[in-house]
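K.L.:
First the structure, which I've put down as structure tokens, then a few questions once you've had a look.
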Amino acid sequence: MNDSRSFAAATIAFVRGEKEAEYRKELIYRHIAWMTALRYQLRLSKEWEHTSLRVEGKFIATVCEDYFDRLDSELESLIPANELKAISEKSNYASQLLKNQADRMEDLRREGYYDDFRHMELHQLMVRHYDNQGKSERIKNFPFPRQYASTALWLTMVFSALMPLGLLDIFNRTETVLYWTAPLISGLLIWVFFLMEKIGDYSENPFEGTYNDVPITSIAKSIEIDLREMSMRTNRQYLDQLKQKMAFCYSV
């Protein structure tokens with residue numbers, strides 16, 4: 001969020017020239033397009049995620065991304081049609097949009113819309129966007145080592161089987177009423193450990209769209225609203241529509 005706001009603020013402050021408003025809008029809208037493409041790519045299902053639960057509709061919130069059906073329709077209002085056609089032939093929309101953004105900023109430097117120093121500042125922000133994208137893609141595309149998950153599950157099962165036996169000596173020395181609560185307390189403790197294991201399992205994939213995942217849709221829409229307001233190129237009615245869409249898309 002901070003890198004996106006910094007990029008928009010720098011674009012508005014640095015770009016100066018005859019067509020400054022047009023070029024500011026172009027750079028900011030392409031950044032929104034990159035953020036949208038990355039969000040859709042992070043929503044793609046991976047085989048190690050909880051895809052079976054997604055099909056069954058269990059533990060899955062209603063997400064607003066559908067990579068093959070809706071991404072192009074969102075991008076066509078943000079970037080030129082020829083650029084959209086060119087990146088649609090690539091496997092990674094987000095990377096191509098950042099590459100196009102870098103090329104366009106170099107064109108503006110050559111045309112004299114800002115000097116070399118300001119161009120380097122903008123380029124450093126581009127590097128940070130690449131870093132942020134790479135970090136998200138590593139989380140998404142590389143599964144957590146399965147030996148950690150399987151070992152934790154096996155140890156939890158062994159612990160759950162042996163723990164009631166370990167509580168027998170304690171409850172044997174209590175009064176009669178408390179003695180009969182041993183099964184209930186044992187079940188409660190077993191439930192706690194299995195719950196912790198399940199939380200860890202779902203936390204390994206924070207972008208798949210379950211209820212407790214990172215709310216990337218809400219974050220992206222918040223950034224888009226901020227950038228459009230900063231560029232002063234969008235009317236209040238459209239911003240209200242974006243806010244309504246963000247609320248409709250649950251919190252993920």
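In the structure tokens, chains take letters A, B, ... by order of appearance, with residues numbered from 1 within each chain and ligands from 1 in the order shown.
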Any chance you could list, as a count of residues only, the residues in region 12-238 of chain A that come up helix (DSSP H, G or I) when DSSP is run on the backbone?

P.N.:
164

K.L.:
Would you mind listing what lies within 12 Å of region 23-26 of chain A as a count of residues only, with only C-alpha atoms counted and same-chain residues fewer than 3 positions away left out?

P.N.:
41

K.L.:
With a distance cut-off of 10 Å and only C-alpha atoms, select the neighbouring residues of Tyr130 (chain A), excluding the residue or stretch itself and same-chain residues fewer than 3 positions from it, and output the selection as a list in words.

P.N.:
Ala94, Ser95, Leu98, Lys99, Gln124, Leu125, Met126, Val127, Gln133, Gly134, Lys135 and Ser136 of chain A

K.L.:
For a test of reading the model, state the distance in Å between CA of His129 (chain A) and CA of Ile223 (chain A), rounded to one decimal.

P.N.:
13.8 Å

K.L.:
I'd like to know which of A:Ile219, A:Leu188, A:Leu71, A:Met120 is closest to Ala102 (chain A), using only C-alpha atoms.

P.N.:
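Closest to Ala102 (chain A) of all the choices is A:Met120.
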
K.L.:
Between A:Thr181, A:Ser222, A:Thr151, A:Ser160, which has the minimum distance to Met35 (chain A) (counting only C-alpha atoms)?

P.N.:
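Nearest to Met35 (chain A): A:Ser222.
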
K.L.:
So how many Å separate CA of Ser88 (chain A) and CA of Glu76 (chain A), to one decimal?

P.N.:
11.2 Å

K.L.:
Mind checking which residues fall within 12 Å of Ala86 (chain A), counting only C-alpha atoms, ignoring those fewer than 4 positions away in the same chain, and posting them as a ChimeraX atom specification?

P.N.:
/A:72,79-82,90-93,96-97,100

K.L.:
So which residues touch Phe171 (chain A) within 8 Å, counting only C-alpha atoms, skipping near sequence neighbours fewer than 5 positions away, as number ranges by chain?

P.N.:
A: 178-179, 182

K.L.:
Please, could you write that set of residues out with N, CA and C atoms as a CSV table (one decimal), in the first residue's frame?

P.N.:
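Below is the file that was written, part.csv:
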chain,number,residue,atom,x,y,z
A,178,LEU,N,-15.1,-34.6,40.2
A,178,LEU,CA,-14.1,-34.2,39.3
A,178,LEU,C,-13.5,-35.3,38.5
A,179,TYR,N,-13.5,-36.5,39.1
A,179,TYR,CA,-13.0,-37.7,38.4
A,179,TYR,C,-13.7,-37.9,37.1
A,182,ALA,N,-12.8,-36.1,33.6
A,182,ALA,CA,-11.6,-36.3,32.9
A,182,ALA,C,-11.8,-36.5,31.4
